[in-house]
Each structure stands twice: as C-alpha cells, then as structure tokens.
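Coordinates as given in work.cif (mmCIF, C-alpha atoms):
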data_start
#
loop_
_atom_site.group_PDB
_atom_site.id
_atom_site.type_symbol
_atom_site.label_atom_id
_atom_site.label_comp_id
_atom_site.auth_asym_id
_atom_site.auth_seq_id
_atom_site.Cartn_x
_atom_site.Cartn_y
_atom_site.Cartn_z
ATOM 1 C CA MET A 116 16.161 10.812 0.602
ATOM 2 C CA LYS A 117 13.650 13.620 0.357
ATOM 3 C CA LEU A 118 10.783 13.837 -2.114
ATOM 4 C CA ILE A 119 8.481 16.795 -2.591
ATOM 5 C CA LEU A 120 4.943 15.473 -2.906
ATOM 6 C CA ALA A 121 2.844 17.254 -5.519
ATOM 7 C CA THR A 122 -0.577 17.116 -3.912
ATOM 8 C CA GLN A 123 -3.009 19.302 -2.017
ATOM 9 C CA ASN A 124 -4.742 16.234 -0.582
ATOM 10 C CA ALA A 125 -3.856 15.873 3.111
ATOM 11 C CA HIS A 126 -5.084 12.254 3.177
ATOM 12 C CA LYS A 127 -2.723 11.320 0.332
ATOM 13 C CA ALA A 128 0.198 13.117 1.959
ATOM 14 C CA LYS A 129 -0.354 11.165 5.173
ATOM 15 C CA GLU A 130 -0.628 7.866 3.291
ATOM 16 C CA PHE A 131 2.531 8.521 1.241
ATOM 17 C CA SER A 132 4.482 9.443 4.369
ATOM 18 C CA ARG A 133 3.432 6.201 6.054
ATOM 19 C CA LEU A 134 4.175 4.040 3.007
ATOM 20 C CA LEU A 135 7.574 5.549 2.221
ATOM 21 C CA ALA A 136 8.919 5.978 5.761
ATOM 22 C CA PRO A 137 10.087 2.312 6.018
ATOM 23 C CA TYR A 138 12.294 2.914 2.968
ATOM 24 C CA GLY A 139 14.030 5.926 4.491
ATOM 25 C CA VAL A 140 12.177 8.448 2.346
ATOM 26 C CA THR A 141 11.010 11.714 3.858
ATOM 27 C CA VAL A 142 7.963 13.183 2.150
ATOM 28 C CA ILE A 143 7.816 16.967 2.033
ATOM 29 C CA PRO A 144 4.420 18.510 1.300
ATOM 30 C CA MET A 145 4.611 20.874 -1.643
ATOM 31 C CA THR A 146 3.434 23.741 0.569
ATOM 32 C CA ALA A 147 6.548 23.280 2.710
ATOM 33 C CA ALA A 148 8.561 23.737 -0.486
ATOM 34 C CA GLY A 149 6.751 26.978 -1.278
ATOM 35 C CA VAL A 150 4.243 25.656 -3.820
ATOM 36 C CA PHE A 151 0.597 26.370 -3.062
ATOM 37 C CA GLU A 152 -1.238 25.761 -6.330
ATOM 38 C CA LEU A 153 -1.310 23.107 -9.024
ATOM 39 C CA PRO A 154 -2.373 23.549 -12.649
ATOM 40 C CA PRO A 155 -5.663 22.078 -13.887
ATOM 41 C CA GLU A 156 -5.599 18.297 -14.273
ATOM 42 C CA ASP A 157 -6.821 18.234 -17.848
ATOM 43 C CA GLY A 158 -5.124 15.046 -19.022
ATOM 44 C CA THR A 159 -7.098 12.107 -20.354
ATOM 45 C CA THR A 160 -5.196 9.468 -18.358
ATOM 46 C CA PHE A 161 -3.966 9.083 -14.791
ATOM 47 C CA ALA A 162 -0.370 9.178 -16.060
ATOM 48 C CA GLU A 163 -0.922 12.469 -17.894
ATOM 49 C CA ASN A 164 -2.460 14.110 -14.838
ATOM 50 C CA ALA A 165 0.334 12.895 -12.553
ATOM 51 C CA ALA A 166 2.901 14.303 -14.977
ATOM 52 C CA ILE A 167 1.122 17.683 -15.088
ATOM 53 C CA LYS A 168 1.381 17.998 -11.309
ATOM 54 C CA ALA A 169 4.949 16.689 -11.074
ATOM 55 C CA ARG A 170 6.232 19.030 -13.789
ATOM 56 C CA ALA A 171 4.619 22.072 -12.199
ATOM 57 C CA VAL A 172 6.175 21.413 -8.798
ATOM 58 C CA PHE A 173 9.537 20.520 -10.349
ATOM 59 C CA ALA A 174 9.551 23.772 -12.322
ATOM 60 C CA ALA A 175 8.904 25.691 -9.119
ATOM 61 C CA THR A 176 11.414 23.875 -6.890
ATOM 62 C CA GLY A 177 14.024 21.998 -8.934
ATOM 63 C CA GLY A 178 13.947 19.239 -6.337
ATOM 64 C CA ALA A 179 13.026 15.575 -6.590
ATOM 65 C CA VAL A 180 9.246 15.458 -6.992
ATOM 66 C CA LEU A 181 6.700 12.674 -6.720
ATOM 67 C CA ALA A 182 3.140 13.081 -7.969
ATOM 68 C CA ASP A 183 0.283 10.692 -8.246
ATOM 69 C CA ASP A 184 -3.051 10.619 -9.946
ATOM 70 C CA SER A 185 -5.428 7.908 -8.973
ATOM 71 C CA GLY A 186 -9.044 6.990 -9.151
ATOM 72 C CA LEU A 187 -11.707 4.346 -9.388
ATOM 73 C CA THR A 188 -12.673 2.554 -12.590
ATOM 74 C CA VAL A 189 -15.960 0.638 -12.663
ATOM 75 C CA ASP A 190 -16.533 -1.905 -15.426
ATOM 76 C CA ALA A 191 -20.314 -1.451 -15.599
ATOM 77 C CA LEU A 192 -19.751 2.297 -16.145
ATOM 78 C CA SER A 193 -17.218 1.814 -18.964
ATOM 79 C CA GLY A 194 -14.353 2.810 -16.690
ATOM 80 C CA ALA A 195 -16.022 5.804 -15.021
ATOM 81 C CA PRO A 196 -15.472 7.736 -12.867
ATOM 82 C CA GLY A 197 -11.817 7.260 -13.907
ATOM 83 C CA VAL A 198 -9.786 10.480 -14.094
ATOM 84 C CA TYR A 199 -12.849 12.359 -12.908
ATOM 85 C CA SER A 200 -13.064 10.379 -9.642
ATOM 86 C CA ALA A 201 -12.442 13.356 -7.349
ATOM 87 C CA ARG A 202 -14.996 15.539 -9.162
ATOM 88 C CA TYR A 203 -17.479 12.876 -10.273
ATOM 89 C CA ALA A 204 -20.352 14.731 -8.623
ATOM 90 C CA GLY A 205 -19.084 18.127 -9.810
ATOM 91 C CA GLU A 206 -16.308 20.568 -8.921
ATOM 92 C CA GLY A 207 -15.992 20.961 -5.175
ATOM 93 C CA ALA A 208 -18.161 17.923 -4.443
ATOM 94 C CA SER A 209 -17.403 15.937 -1.303
ATOM 95 C CA SER A 210 -16.417 12.280 -1.239
ATOM 96 C CA GLU A 211 -19.869 11.537 0.130
ATOM 97 C CA ASP A 212 -21.458 13.285 -2.857
ATOM 98 C CA CYS A 213 -19.334 11.287 -5.292
ATOM 99 C CA ILE A 214 -20.228 8.026 -3.537
ATOM 100 C CA LYS A 215 -23.929 8.895 -3.678
ATOM 101 C CA LYS A 216 -23.703 9.533 -7.411
ATOM 102 C CA LEU A 217 -21.778 6.298 -7.973
ATOM 103 C CA LEU A 218 -24.307 4.229 -6.045
ATOM 104 C CA HIS A 219 -27.153 5.904 -7.932
ATOM 105 C CA GLU A 220 -25.526 5.071 -11.275
ATOM 106 C CA LEU A 221 -25.148 1.437 -10.177
ATOM 107 C CA ARG A 222 -28.580 1.132 -8.551
ATOM 108 C CA ASP A 223 -29.815 -1.518 -11.027
ATOM 109 C CA ILE A 224 -26.516 -3.403 -11.385
ATOM 110 C CA PRO A 225 -26.304 -6.767 -9.551
ATOM 111 C CA ALA A 226 -23.394 -7.576 -7.268
ATOM 112 C CA ASN A 227 -21.585 -9.818 -9.761
ATOM 113 C CA LYS A 228 -21.546 -7.007 -12.336
ATOM 114 C CA ARG A 229 -20.204 -4.308 -10.001
ATOM 115 C CA THR A 230 -16.523 -5.143 -10.544
ATOM 116 C CA ALA A 231 -14.050 -2.295 -10.157
ATOM 117 C CA ARG A 232 -10.493 -1.403 -9.314
ATOM 118 C CA PHE A 233 -8.460 1.582 -8.227
ATOM 119 C CA VAL A 234 -5.615 2.775 -10.476
ATOM 120 C CA CYS A 235 -2.582 4.777 -9.367
ATOM 121 C CA ALA A 236 -0.050 6.451 -11.636
ATOM 122 C CA LEU A 237 3.092 7.798 -9.954
ATOM 123 C CA VAL A 238 5.431 10.161 -11.757
ATOM 124 C CA LEU A 239 8.856 10.746 -10.247
ATOM 125 C CA ILE A 240 11.022 13.579 -11.521
ATOM 126 C CA GLU A 241 14.657 13.477 -10.460
ATOM 127 C CA PRO A 242 16.688 16.651 -9.876
ATOM 128 C CA ASP A 243 18.230 16.274 -13.350
ATOM 129 C CA GLY A 244 14.748 16.361 -14.910
ATOM 130 C CA SER A 245 14.492 12.627 -15.694
ATOM 131 C CA GLU A 246 10.898 11.369 -15.502
ATOM 132 C CA HIS A 247 9.759 7.906 -14.469
ATOM 133 C CA LEU A 248 6.254 6.410 -14.444
ATOM 134 C CA PHE A 249 5.022 3.677 -12.091
ATOM 135 C CA GLU A 250 1.428 2.570 -12.642
ATOM 136 C CA GLU A 251 -0.473 -0.113 -10.747
ATOM 137 C CA SER A 252 -4.026 -1.273 -10.045
ATOM 138 C CA SER A 253 -5.486 -2.465 -6.778
ATOM 139 C CA ASP A 254 -6.744 -5.990 -6.381
ATOM 140 C CA GLU A 255 -10.067 -6.291 -8.176
ATOM 141 C CA GLY A 256 -13.042 -5.474 -6.009
ATOM 142 C CA ILE A 257 -16.789 -5.010 -6.017
ATOM 143 C CA ILE A 258 -18.745 -1.816 -5.425
ATOM 144 C CA ALA A 259 -20.919 -2.290 -2.344
ATOM 145 C CA PHE A 260 -24.577 -1.292 -2.230
ATOM 146 C CA SER A 261 -23.907 1.069 0.702
ATOM 147 C CA PRO A 262 -20.859 2.522 2.494
ATOM 148 C CA ARG A 263 -19.073 0.408 5.109
ATOM 149 C CA GLY A 264 -16.349 1.341 7.582
ATOM 150 C CA ASP A 265 -14.944 4.626 8.798
ATOM 151 C CA SER A 266 -11.277 4.477 7.817
ATOM 152 C CA GLY A 267 -9.690 5.495 4.537
ATOM 153 C CA PHE A 268 -10.998 8.238 2.292
ATOM 154 C CA GLY A 269 -12.598 8.825 -1.096
ATOM 155 C CA TYR A 270 -14.418 5.758 -2.384
ATOM 156 C CA ASP A 271 -12.873 3.420 0.222
ATOM 157 C CA PRO A 272 -16.195 2.817 2.062
ATOM 158 C CA VAL A 273 -17.846 1.288 -1.031
ATOM 159 C CA PHE A 274 -14.899 -0.633 -2.499
ATOM 160 C CA LEU A 275 -14.957 -4.243 -1.313
ATOM 161 C CA VAL A 276 -12.031 -6.639 -1.561
ATOM 162 C CA GLY A 277 -13.197 -9.976 -0.262
ATOM 163 C CA GLU A 278 -15.480 -9.472 2.725
ATOM 164 C CA HIS A 279 -14.276 -6.002 3.688
ATOM 165 C CA SER A 280 -14.308 -2.507 2.267
ATOM 166 C CA PHE A 281 -11.074 -0.537 2.084
ATOM 167 C CA ALA A 282 -12.543 1.611 4.875
ATOM 168 C CA GLU A 283 -12.797 -1.462 7.126
ATOM 169 C CA LEU A 284 -9.162 -2.501 6.673
ATOM 170 C CA THR A 285 -6.222 -1.424 8.808
ATOM 171 C CA PRO A 286 -3.721 0.788 6.969
ATOM 172 C CA GLU A 287 -1.334 -2.163 6.708
ATOM 173 C CA GLU A 288 -4.007 -4.469 5.281
ATOM 174 C CA LYS A 289 -5.010 -1.855 2.737
ATOM 175 C CA ASP A 290 -1.389 -1.219 1.711
ATOM 176 C CA ARG A 291 -0.955 -4.867 0.726
ATOM 177 C CA VAL A 292 -3.757 -4.780 -1.868
ATOM 178 C CA SER A 293 -4.139 -1.106 -2.762
ATOM 179 C CA HIS A 294 -3.124 0.586 -5.986
ATOM 180 C CA ARG A 295 -0.974 3.110 -4.148
ATOM 181 C CA GLY A 296 0.758 0.523 -2.005
ATOM 182 C CA LYS A 297 1.646 -1.551 -5.076
ATOM 183 C CA ALA A 298 2.880 1.471 -7.049
ATOM 184 C CA LEU A 299 5.077 2.642 -4.192
ATOM 185 C CA ARG A 300 6.578 -0.831 -3.804
ATOM 186 C CA ARG A 301 7.479 -0.697 -7.512
ATOM 187 C CA LEU A 302 9.091 2.681 -6.901
ATOM 188 C CA ALA A 303 11.095 1.212 -4.013
ATOM 189 C CA VAL A 304 12.325 -1.658 -6.215
ATOM 190 C CA TRP A 305 13.364 0.847 -8.890
ATOM 191 C CA PHE A 306 15.421 2.843 -6.395
ATOM 192 C CA ARG A 307 17.120 -0.316 -5.140
ATOM 193 C CA GLU A 308 17.948 -1.486 -8.655
ATOM 194 C CA LYS A 309 19.304 1.948 -9.454
ATOM 195 C CA GLY A 310 21.624 1.596 -6.499
ATOM 196 C CA GLU A 311 20.283 4.453 -4.465
ATOM 197 C CA GLY A 312 18.910 2.184 -1.729
ATOM 198 C CA ILE A 313 15.880 3.689 -0.205
#
Take the structure in this file and express it as structure tokens.
Amino acid sequence: MKLILATQNAHKAKEFSRLLAPYGVTVIPMTAAGVFELPPEDGTTFAENAAIKARAVFAATGGAVLADDSGLTVDALSGAPGVYSARYAGEGASSEDCIKKLLHELRDIPANKRTARFVCALVLIEPDGSEHLFEESSDEGIIAFSPRGDSGFGYDPVFLVGEHSFAELTPEEKDRVSHRGKALRRLAVWFREKGEGI
C-alpha cells in the first residue's frame, strides 16, 4: 500500500517510513506527488491541524493521504507549547531556539513538577474521501534541565522517559514509547481489522 505523507518535515518523513515499512506501507513524500506547499495550520487542536494538511494534499492528489500534527504539552505551562510546538520561539525558529525558550519558562519549576507528554494526531484520508483519526500520547515524561543526547529531533533532547531522553534512545526504543509509534500501531491495527492487511 502507498500513502502520500502530508508533511514538509524531512525528519518526520524518515520516521514514518521506518515505522510503516514493517507493515508493507510505502510512504511517498508529498513533493513526490507534486505538492509543495501546505495551508496554514490554524486549528486549535492537533487533530484539526492534521486534518487541514491531509485535506489539502488529498484535494491536490486524490490519493490515500496520511497527515500528522504533533507536539509537546507541559503540565506546568498549562499544556503549552501544544499546537505551537514547532513555532514556540516564533515563526522560523529552530528547534534549539524552542528548547531554549521552554527551559527558560521552566527555570523555576522543580523536577517533580516538570511533567509532560508528546501528543500525535494522525488523519488518514482514503481515496474515497473517508477520514479517520488516530490520536495517541507518548509515555509521560519529565522536561530535563538541559538537553541530552544527539539523536531524534525537536524537543527530544529535553524529554526524559525514565533515565534517558528521547534523543538518547535508539529509534526502536523510542518507537515503543513515543506518541507517533503508538499512533501508527493503532493505524496498523485499524487496517488489519478492516481486512486490508498492511
């Protein structure tokens, strides 16, 4: 099966390809399907933003499309950065800039109050236009006081699960506890139950 992935994020495209390959799914970057821009993500939830991207790529291609919107929610910040995770430090800010802002906002918060989790919303649109939502959270973690590790991307270096940050885990270890890994496993179960064995 082939799915067009509605993202401009090369890191996400690589992660989706790795996660879905064992299920016989080939991920096609949207640029390979002739789509080079996405509309503004102006939804108020991860699910709304994922749907915005999926619908735009579906309208342009008519093929099966998968889109995700994901981000970090921190309890001490009332759920921020949330849907603004990628632009927490402003439009065009780097991951490092966003991490710096996050750590500054949490500078006076003790370790036991720095609880957080990643959230992933996947929207699948089938060729007939049917839409399906799969939403999952990562295992609960703690925001570290400084970045650790050199793998992963985004906020991975400051998100601790147990003794390690996401950026210190192997891809396989991260997949077992991550928001995206869990959401994609739900998607795989849905395909199997539907009888389309992926």
(message) Evaluated on this file, the PyMOL selection byres ((chain A and resi 197) around 10) picks out some residues - which ones are they, written as a ChimeraX atom specification?
(response) /A:159-161,185-189,192-196,198-201,203,232-234
(message) Please list as a PyMOL selection string every residue within 9 Å of A:Thr230, counting only C-alpha atoms and excluding residues in the same chain fewer than 4 positions away.
(response) chain A and resi 188-191+226+255-258
(request) Give as a count of residues only the set of residues within 10 Å of the point (-20.7, 9.8, -7.4), where distances use the file's coordinates and all atoms listed in the file. (result) 24
(request) Quick one: pull the distance between atom CA of A:Ser253 and atom CA of A:Leu237, Å, one decimal. (result)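 Between atom CA of A:Ser253 and atom CA of A:Leu237 the gap is 13.7 Å.
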(request) Taking the file above as input, evaluate the PyMOL selection byres ((chain A and resi 168) around 9) and report the hits as a list of chain:residue names. (result) A:Ala121, A:Thr122, A:Leu153, A:Pro154, A:Pro155, A:Glu156, A:Glu163, A:Asn164, A:Ala165, A:Ala166, A:Ile167, A:Ala169, A:Arg170, A:Ala171, A:Val172, A:Phe173, A:Leu181, A:Ala182, A:Asp183, A:Asp184, A:Val238
(request) For atom CA of A:Glu246 and atom CA of A:Arg133, determine how far apart the two atoms are, in Å to one decimal place. (result)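 Value for the atom CA of A:Glu246-atom CA of A:Arg133 distance: 23.4 Å.
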(message) Rounded to one decimal, what separation in Å do you get between atom CA of A:Asp243 and atom CA of A:Leu302?
(response)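 Going from atom CA of A:Asp243 over to atom CA of A:Leu302, I get 17.6 Å.
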